[in-house]
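Heads up, the thing below is written out as structure tokens.
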Number of protein chains: 4
Amino acid sequence: MPAGLFGSIWSSEAVAAELSDEAWVRAMLDVEAALARAGAAAGVVPEDAAEVIAATCRRLADEGGIDPAAVGVEARGQGNPVVPFVRLLTAAVPGDAARHVHRGSTSQDVLDTAVALVVRRATRPLLADLAGLAEACAALAEEHRDTLIAARTIMQQALPTTFGAKAAGWMAAADDAADRLAAAVERLPATVAGAAGTLASLGDAGPAVAAAVAADLGLPESLVPWHTHRAPLVQVGAALGIAAGLAGKTTLDVVLMAQTEVGEVAEGAAGGSSTLPHKRNPSASAAVQAAVRRATPLVGVLLAGMLAEHERAAGAWQAEWETLRDLLDLTGGAVARTREVLEGLQVDAARMRANLDVTGGLLLAESAATALTDRLGRLAAHDLVKKASAEAVRSGRPLGDVLADDEAVVEALGPAGIAEALDPARYVGATGLFIDRALAAHRARQTEEHS
Amino acid sequence: MPAGLFGSIWSSEAVAAELSDEAWVRAMLDVEAALARAGAAAGVVPEDAAEVIAATCRRLADEGGIDPAAVGVEARGQGNPVVPFVRLLTAAVPGDAARHVHRGSTSQDVLDTAVALVVRRATRPLLADLAGLAEACAALAEEHRDTLIAARTIMQQALPTTFGAKAAGWMAAADDAADRLAAAVERLPATVAGAAGTLASLGDAGPAVAAAVAADLGLPESLVPWHTHRAPLVQVGAALGIAAGLAGKTTLDVVLMAQTEVGEVAEGAAGGSSTLPHKRNPSASAAVQAAVRRATPLVGVLLAGMLAEHERAAGAWQAEWETLRDLLDLTGGAVARTREVLEGLQVDAARMRANLDVTGGLLLAESAATALTDRLGRLAAHDLVKKASAEAVRSGRPLGDVLADDEAVVEALGPAGIAEALDPARYVGATGLFIDRALAAHRARQTEEHS
Amino acid sequence: MPAGLFGSIWSSEAVAAELSDEAWVRAMLDVEAALARAGAAAGVVPEDAAEVIAATCRRLADEGGIDPAAVGVEARGQGNPVVPFVRLLTAAVPGDAARHVHRGSTSQDVLDTAVALVVRRATRPLLADLAGLAEACAALAEEHRDTLIAARTIMQQALPTTFGAKAAGWMAAADDAADRLAAAVERLPATVAGAAGTLASLGDAGPAVAAAVAADLGLPESLVPWHTHRAPLVQVGAALGIAAGLAGKTTLDVVLMAQTEVGEVAEGAAGGSSTLPHKRNPSASAAVQAAVRRATPLVGVLLAGMLAEHERAAGAWQAEWETLRDLLDLTGGAVARTREVLEGLQVDAARMRANLDVTGGLLLAESAATALTDRLGRLAAHDLVKKASAEAVRSGRPLGDVLADDEAVVEALGPAGIAEALDPARYVGATGLFIDRALAAHRARQTEEHS
Amino acid sequence: MPAGLFGSIWSSEAVAAELSDEAWVRAMLDVEAALARAGAAAGVVPEDAAEVIAATCRRLADEGGIDPAAVGVEARGQGNPVVPFVRLLTAAVPGDAARHVHRGSTSQDVLDTAVALVVRRATRPLLADLAGLAEACAALAEEHRDTLIAARTIMQQALPTTFGAKAAGWMAAADDAADRLAAAVERLPATVAGAAGTLASLGDAGPAVAAAVAADLGLPESLVPWHTHRAPLVQVGAALGIAAGLAGKTTLDVVLMAQTEVGEVAEGAAGGSSTLPHKRNPSASAAVQAAVRRATPLVGVLLAGMLAEHERAAGAWQAEWETLRDLLDLTGGAVARTREVLEGLQVDAARMRANLDVTGGLLLAESAATALTDRLGRLAAHDLVKKASAEAVRSGRPLGDVLADDEAVVEALGPAGIAEALDPARYVGATGLFIDRALAAHRARQTEEHS
């Protein structure tokens, strides 16, 4: 998958490398090798034939000895690439061993198991990028634990919070997405069930061969054939969708904070323009937004594929391969570029603080009311602040000035008390606790992974 | 949700009852009651006020004292129903306690937590129907453990299998879907995070209140506020999509087997027609197909909702409520009707067996080749059968007759051996093992649930 | 469709009224009446029987004489509501005429034709709201033809434009959406094709009956039966999606301009909050965003429904009714609420102008370079401005001040010339022409419609 | 776009050739050439510079002088490929003319106009394949005008129809899809609107340049800039979706008719298998089903892209390019392969006729009742046939035999009359008329196109 004209904008090279036609062929070779070894173990393939087949598979994988395009051309007539692939492999296996290639298996067995391998291999760099993304968030959460910023709800400033809390939210979501993805991927099974899901052509050895292939490749077995029961794949798809969604949510926040009028963050590599010198386009974030918009519906294709006819679907199955490839590619790219954005993020803490003053202290009205409650009672305090806020909105004066004109307020709080009540730093609630809790979970998770 | 003109066709009354406007209001009342109790426990709401609030909530829930339509009309201006709901609740709470209603909470807290409750309540009958569906499959799998039927791949007869294997596949998929759904639902958290996700208005008591609400309602807590980190909900959506997909796959098989030319099963309540007396429309299965087609894209709406702005989304959040309701409703209906279909399924084992003969024994060509391998060697056996099969296709004669004309075959197998090699009952491979394995897992799962 | 707890937030009463169960029953009664009259005209139904049937249909429609819920309950067994509906209608028709009810028709004929009627009736208020929306934009475009505002690309200020140009863009898109929708709706055909699309039960009279029904209801005929060729419906779905998209784009712009830090517009009825007095939530716009998110995937359900089996689909068809209803409902609501937003929009032209200065004149760098080109040549002018812009970014000084320090610039343009070059009002290009062109087309379209 | 491992299975080489990276670069070069010529015509670019630029574009297009991969690598930083593309083009333009490259334009102008060109070029072979598909259907409709086949509704045999009627339905739908697609493509406009949709940098010449570019490329102009008003593209997407849907419906019918138990058609190139010699997999049809499943959701991506922010979207726009490319590719492949299937379709008219007898004449019960109506009255005739049908179902005897046992029937119709009433050939209604009507429209359409 050379990224080409458009793909470079959003893709991850490391993920894409595991999704190339060559990578698929390698996975299919790995499956055939495992199948031969399993056949030998179960006594349906001679030991030496199995060794020859496995060695040939290894050699072909190393040398790129099977040309995907050649397979593809012949696949047109068959409806899937396994038939021509097996023909080419068989032709490459020397001597009598050739007769034992693909023994007992069917096209969907090979492709489903190859899917499990490809998914595992492609999610490895993807999970690494998710971990990197979370780590970048952790650094931001620590550094900006007390950096004030406006919390915005329905796209309106609501109350103060901290940028650290925002970053901790991204981090926790990234760790969560990684956990979900890893769990889903681990459950993707190997498949040896034969042409009709009965394993008939292997006689009594069928179940042993199926178990041995799974063990050989380090994949779980399916309780019953899953040729047309696709929940494991849908679950992987949903987990990829969630990972893409996490990337999308994070970069959406970046795009919004990077707006010219907000100016709180900028992408480190924000694209300048000679004609529009002020522009700092959040290009990477926009690329992520685009990738996520394209990724999400692919989950739906996999889900719709659950409606698979009888013992092998006429369309639903064949739609999976490229859908899954695109979904891994787009999610991999979205996560990788989001990681880049976060690792290079330029944070303007002063601008964050300044934006908190845009409303002239109205953001702290709730805080002022709370401060006055002890002296005036809740209802009176609330009414007083409500009136003062209305006056501030009407006159355009800061809420603090309006409150300072009110004798009852001055008496209750004094000038220092008013300032304190309107200090956003004193009204960020449990953000510190949330950050600490999330960071602790993040660190514990890392320890666990590395132990 | 009265089912009305169309809804009765596909819906489950038991699930729909948990999704009505009244059920949502009840859930919101439960949340406010828990919030009041939690406030009391944390010392921010007087004990007696909390009791009065909780009692009022209980009374209003029992009496249907809050009219959803009235809430709805006022909600139009606010963008969500919580503001008018709280106003009506507050008006109903007697005395001073009214001042403590909704203390420290925000609209999304109440709705998110109500969502968790509604989902739990609506999935209860849904899971019961999934269990019933699986049980109906288990009965079919046991009864038809050895009932022969053609396995069909890409909509062509491929090899023999058993109807029991088919039913065991549906059963295992249903159990799997139930496990996934239950796990996802259990992780849907309670939410008390306040207007900006900081819990600021509750001062130091915030985290304690949040924890107490979760404990009170028997829901997990979120590590950090999840107002705009929606993976838990997406996961529930995906699990519902998988459950709907299972229903869709099963009834698709039913529709295909019920075709006039196939005639292997019929819906117990298949709709006759006075003008078309032969028709046995698989109406319930078609209704399930329709419901699943409508359910699947709703998962996509939830997934797209992950792109939520800042601390509360301007659209993505508001799109969740009815999407989730429709998804639960459609999935609930799809599963319930599929259960009905399976419980009443009329199985025509004779027709299944007869259909195996449509190809004149060609379905067993692989078996014949295997049988001949010992005597003739794999390659020669294979070539011989290939030639005989071609002749059978050309002449329209049964494969058995063509083989009986071949001296080498007769010598190798004898007439009885030929018949044996072409007996589908002897070529169903590991189906029995798969059925037993799946049934054992199904029974173990049931034991676990009831213990 | 009582809007209830959530629906009131986003729905249009006028559109919803045409989508109720009762409205569907009325449409079905209209179809049966037309069918009876057509049968009489073609000589297959006695004249007096047709009159009795038509009169009964009219009476039942006026009196609400057929209870949708009762139809629904029986529909569960049949898979569609037409069978029980016809039974109830037949029971209501007095005397011998009852025998001629539904003559020659099939369930899908009645429902497909009812769909055409329901779509026509529900799009009438929808198109009226689209026209009102466009008119509100026209008024904004005229009033703000010269109101300066920053054009924003990739969410960054790019160059000056006018708010009138923005409004004209919305207007032109609304007129375009209305044209597409009206054209698609007009092509939705009446259907009389009989149980198998052959019209066999009507003998030679079939085509005449089909033509007469279409003529009677003012609907086009289909060239061949379209029971399983659903492009006409998909086209209506796409046009509704486009109308919803237009509403979504417009309110997205409103939400972005209404952000606290931008503050250029506010919804007329923006929801205040007693605790957060500064908040002016764009609640209606957020409701539109939610409705559009839910509407879009429904188009996909209709499109996927093109894969309809044989002569009547087992699922795809049955999925259409409620999908179409929801799509009309959501689009109707989205358009109606967007119209409300635009009609009540509070425009802060001063804030728009002030926001243009956020970049200290950098937005006009291109204009300055152009102004200098005559004197200095394009390349030199460009280099000079580029350097000055970099200095402005570095120092935080306005670009005008930096340029005024440059002797070459002062010599070329003089202080007045510099100011002129940095005046956004002089750099809005063809916006006036675009506005005038769009308004002229809008007015011409109105004239045409009313003539 | 080399089709590779999977792509060959479903893609159309002719369509894919117009979608390659190289084809996109050629389209972009065509746009820049037109822009230069338009600039010259409007007096903002020197005549000779325009000629040099246009010649360079032509040369680079012919020679493949711009490497898409090189563009792609640089595009990563910018978020779109136009910036590096223009840099490479500028470097290739000799002398002073280089200064005039891309004058007045912006990235989205170039890409949007290139999109219009690419869509036009890729739909040309696609429309040719749609025409070929329709023609293949026309031949089937003519040849099989009277070939009897069972009409199937809800997957049950309903009544007789003709295979010609089926083919005519496919044909009419293909012609209709082609008309819709051509109409949508023709409305896709050229775009020159500048960085902010104001054309400011071109001074007064802006509108003239925009008009000249459109005229030069033979594309319509947009009334106002459509950078963030994407209905024209959505309409193209919907039309592609409809074309894909038509291919999907047609091949779904093929798959169903090709089932082993139905056996009415087979793909000409149906894939045999050495181990499963009876299998005639409808591989091409299955590939089309897969392609359509993947194509449909892409329409949704385009539709969701209508929610574009301000004057250029941060994600929605960038998601269009590859979505559109994939949609054209998949639809092109689906249509081309469906054409192949139809052109090579093996029709087994005898099997179609034989399948009509599966229900022992019950399919003609309606016909028998009609035949008896003259003598017995409608109600009595109906009751009699209903009873006889029930007896036929119960006993498994043919309906004709049961009716022949009934004296009233024999008296009314005689043995010949019974046979006639149960002759499916006499009960296909208006199918002949529908076929003739559709063929006439098809021929008229062809004449129009070629005149």
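All residue names refer to the structure tokens as shown: chains lettered A, B, ... in order, residues numbered from 1 in each chain, ligands numbered from 1 in order.
With only C-alpha atoms taken into account, the protein and nucleic acid residues at most 7 Å from Val213 (chain C) (excluding it and anything under 5 positions from it in its own chain) are Ala34, Leu35 and Ala38 of chain C.
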Helix (DSSP H, G or I) per DSSP on the backbone: members of region 206-360 of chain B, as a ChimeraX atom specification: /B:206-217,231-257,283-304,320-343,349-355
CA of Ala290 (chain B) to CA of Ile242 (chain D), distance in Å rounded to a single decimal: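 If I compute the distance from CA of Ala290 (chain B) to CA of Ile242 (chain D), I get 19.7 Å.
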List every residue of chain B that has an atom at most 9 Å from any atom of chain D, giving for each one its closest atom pair and the distance in Å to one decimal, counting only C-alpha atoms, sorted by chain and then by ascending residue number, as a tab-separated table.
residue	atom	partner	partner_atom	distance
B:Arg152	CA	D:Thr260	CA	8.9
B:Thr153	CA	D:Asn281	CA	8.4
B:Ile154	CA	D:Asn281	CA	6.3
B:Met155	CA	D:Gln259	CA	5.7
B:Gln156	CA	D:Thr260	CA	5.3
B:Gln157	CA	D:Thr260	CA	6.0
B:Ala158	CA	D:Leu276	CA	6.7
B:Leu159	CA	D:Leu276	CA	8.0
B:Val255	CA	D:Met155	CA	7.0
B:Leu256	CA	D:Met155	CA	7.6
B:Ala258	CA	D:Gln156	CA	7.8
B:Gln259	CA	D:Gln156	CA	5.4
B:Thr260	CA	D:Gln156	CA	5.3
B:Glu261	CA	D:Glu261	CA	6.1
B:Val262	CA	D:Glu261	CA	6.2
B:Ser274	CA	D:Lys386	CA	6.6
B:Thr275	CA	D:Glu366	CA	5.5
B:Leu276	CA	D:Glu366	CA	6.6
B:Pro277	CA	D:Ser389	CA	6.4
B:His278	CA	D:Leu362	CA	5.7
B:Lys279	CA	D:Gln156	CA	6.4
B:Arg280	CA	D:Gln156	CA	7.2
B:Asn281	CA	D:Ile154	CA	6.3
B:Pro282	CA	D:Ile154	CA	7.3
B:Ser283	CA	D:Ile154	CA	7.8
B:Ala286	CA	D:Ile154	CA	7.4
B:Asn355	CA	D:Glu261	CA	7.2
B:Val358	CA	D:Glu261	CA	6.9
B:Thr359	CA	D:His278	CA	6.9
B:Leu362	CA	D:His278	CA	5.7
B:Leu363	CA	D:Leu276	CA	6.7
B:Leu364	CA	D:Leu276	CA	8.1
B:Ala365	CA	D:Leu276	CA	6.7
B:Glu366	CA	D:Thr275	CA	5.5
B:Ala369	CA	D:Thr275	CA	8.6
B:His382	CA	D:Thr275	CA	8.2
B:Lys386	CA	D:Ser274	CA	6.6
B:Ser389	CA	D:Pro277	CA	6.3
B:Ala390	CA	D:Pro277	CA	7.4
B:Val393	CA	D:His278	CA	7.4
Gly194 (chain B) surroundings by only C-alpha atoms, 6 Å radius, close-in-sequence under 3 positions cut, as a list in words: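 Returned residues: Gly104, Ser105, Thr106, Gly197 and Leu199 of chain B.
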Just the selected residues (all heavy atoms), exported as a PDB file, in the first residue's frame, please.
ATOM      1  N   GLY B 104     -25.744  19.934  42.696  1.00  0.00           N
ATOM      2  CA  GLY B 104     -24.403  19.570  42.225  1.00  0.00           C
ATOM      3  C   GLY B 104     -24.385  18.860  40.890  1.00  0.00           C
ATOM      4  O   GLY B 104     -23.314  18.558  40.369  1.00  0.00           O
ATOM      5  N   SER B 105     -25.550  18.626  40.352  1.00  0.00           N
ATOM      6  CA  SER B 105     -25.618  17.828  39.139  1.00  0.00           C
ATOM      7  C   SER B 105     -25.863  18.720  37.920  1.00  0.00           C
ATOM      8  O   SER B 105     -26.153  19.905  38.039  1.00  0.00           O
ATOM      9  CB  SER B 105     -26.748  16.809  39.282  1.00  0.00           C
ATOM     10  OG  SER B 105     -26.786  15.975  38.158  1.00  0.00           O
ATOM     11  N   THR B 106     -25.751  18.145  36.758  1.00  0.00           N
ATOM     12  CA  THR B 106     -26.016  18.865  35.515  1.00  0.00           C
ATOM     13  C   THR B 106     -26.890  17.978  34.639  1.00  0.00           C
ATOM     14  O   THR B 106     -27.015  16.770  34.896  1.00  0.00           O
ATOM     15  CB  THR B 106     -24.694  19.230  34.812  1.00  0.00           C
ATOM     16  OG1 THR B 106     -24.964  20.148  33.752  1.00  0.00           O
ATOM     17  CG2 THR B 106     -24.027  17.986  34.227  1.00  0.00           C
ATOM     18  N   GLY B 197     -17.809  19.085  34.326  1.00  0.00           N
ATOM     19  CA  GLY B 197     -16.988  17.910  34.574  1.00  0.00           C
ATOM     20  C   GLY B 197     -15.974  18.106  35.688  1.00  0.00           C
ATOM     21  O   GLY B 197     -15.014  17.339  35.801  1.00  0.00           O
ATOM     22  N   LEU B 199     -17.106  19.033  39.067  1.00  0.00           N
ATOM     23  CA  LEU B 199     -17.763  18.858  40.361  1.00  0.00           C
ATOM     24  C   LEU B 199     -17.563  20.060  41.284  1.00  0.00           C
ATOM     25  O   LEU B 199     -17.745  19.952  42.504  1.00  0.00           O
ATOM     26  CB  LEU B 199     -17.241  17.591  41.065  1.00  0.00           C
ATOM     27  CG  LEU B 199     -17.778  16.268  40.542  1.00  0.00           C
ATOM     28  CD1 LEU B 199     -17.000  15.103  41.156  1.00  0.00           C
ATOM     29  CD2 LEU B 199     -19.260  16.119  40.901  1.00  0.00           C
TER      30      LEU B 199
END
Neighbour list for Ala116 (chain C) as JSON, numbers by chain, cut-off 8 Å, only C-alpha atoms, skip fewer than 5 positions in-chain: {"C": [185, 188, 189, 190, 219]}
Spatial neighbours of Gly95 (chain C), 10 Å, only C-alpha atoms, chain gap at least 4 places, as a PyMOL selection string: chain C and resi 49+52+90-91+99
Output C-alpha atoms for every residue in that selection, as a PDB file, in the first residue's frame.
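Output saved as part_33.pdb:
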ATOM      1  CA  ALA C  49     -69.833  -0.549  -5.752  1.00  0.00           C
ATOM      2  CA  VAL C  52     -69.877   2.920  -2.065  1.00  0.00           C
ATOM      3  CA  THR C  90     -64.054  -4.556   3.823  1.00  0.00           C
ATOM      4  CA  ALA C  91     -66.039  -5.041   6.995  1.00  0.00           C
ATOM      5  CA  ARG C  99     -66.630  -7.913  -2.447  1.00  0.00           C
TER       6      ARG C  99
END
Atomic distance CA of His144 (chain C) - CA of Gly164 (chain C), expressed in Å with one decimal: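 Computing it gives 4.6 Å between the two atoms.
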Strand (DSSP E) call set, DSSP backbone run, region 161-270 of chain C, as a list in words: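 DSSP on the backbone gives strand (DSSP E) at Thr161, Thr162, Val265 and Ala266 of chain C.
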Option closest in space to Ala244 (chain A), from B:Met306, B:Val224, B:Leu376, B:Leu29 [counting only C-alpha atoms]: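 Once distances to Ala244 (chain A) are computed over only C-alpha atoms, the minimum belongs to B:Met306.
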Taking 2 positions as the minimum chain separation for residues in the same chain, which residues sit within 9 Å of Lys166 (chain C) when counting only C-alpha atoms? Answer as a PDB file with C-alpha atoms, in the first residue's frame.
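Heads up, here's the output in out_6.pdb:
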ATOM      1  CA  CYS C 137     -31.256  34.062   4.590  1.00  0.00           C
ATOM      2  CA  ALA C 141     -27.924  38.664   2.823  1.00  0.00           C
ATOM      3  CA  ALA C 151     -13.819  34.036   6.215  1.00  0.00           C
ATOM      4  CA  THR C 161     -15.620  38.368   3.441  1.00  0.00           C
ATOM      5  CA  THR C 162     -19.106  39.601   4.251  1.00  0.00           C
ATOM      6  CA  PHE C 163     -21.768  38.071   6.409  1.00  0.00           C
ATOM      7  CA  GLY C 164     -24.094  38.700   3.484  1.00  0.00           C
ATOM      8  CA  ALA C 168     -26.367  34.097   0.430  1.00  0.00           C
ATOM      9  CA  GLY C 169     -24.511  30.807   0.387  1.00  0.00           C
ATOM     10  CA  TRP C 170     -26.969  29.295   2.843  1.00  0.00           C
ATOM     11  CA  MET C 171     -29.861  30.703   0.813  1.00  0.00           C
ATOM     12  CA  ILE C 435     -24.884  37.993  -3.298  1.00  0.00           C
TER      13      ILE C 435
ATOM     14  CA  HIS D 310     -17.504  28.059   7.484  1.00  0.00           C
ATOM     15  CA  GLU D 311     -15.692  28.638   4.185  1.00  0.00           C
TER      16      GLU D 311
END
Contacts of Glu13 (chain B) within 12 Å, only C-alpha atoms, excl. fewer than 2 positions in-chain, as an MDAnalysis selection string: (chainID B and resid 1:4 7:11 15:20 122 125:126 129 328:330 332:337) or (chainID C and resid 73)
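The gap separating CA of Ala33 (chain B) from CA of Leu5 (chain C) is 19.9 Å, in Å to one decimal.
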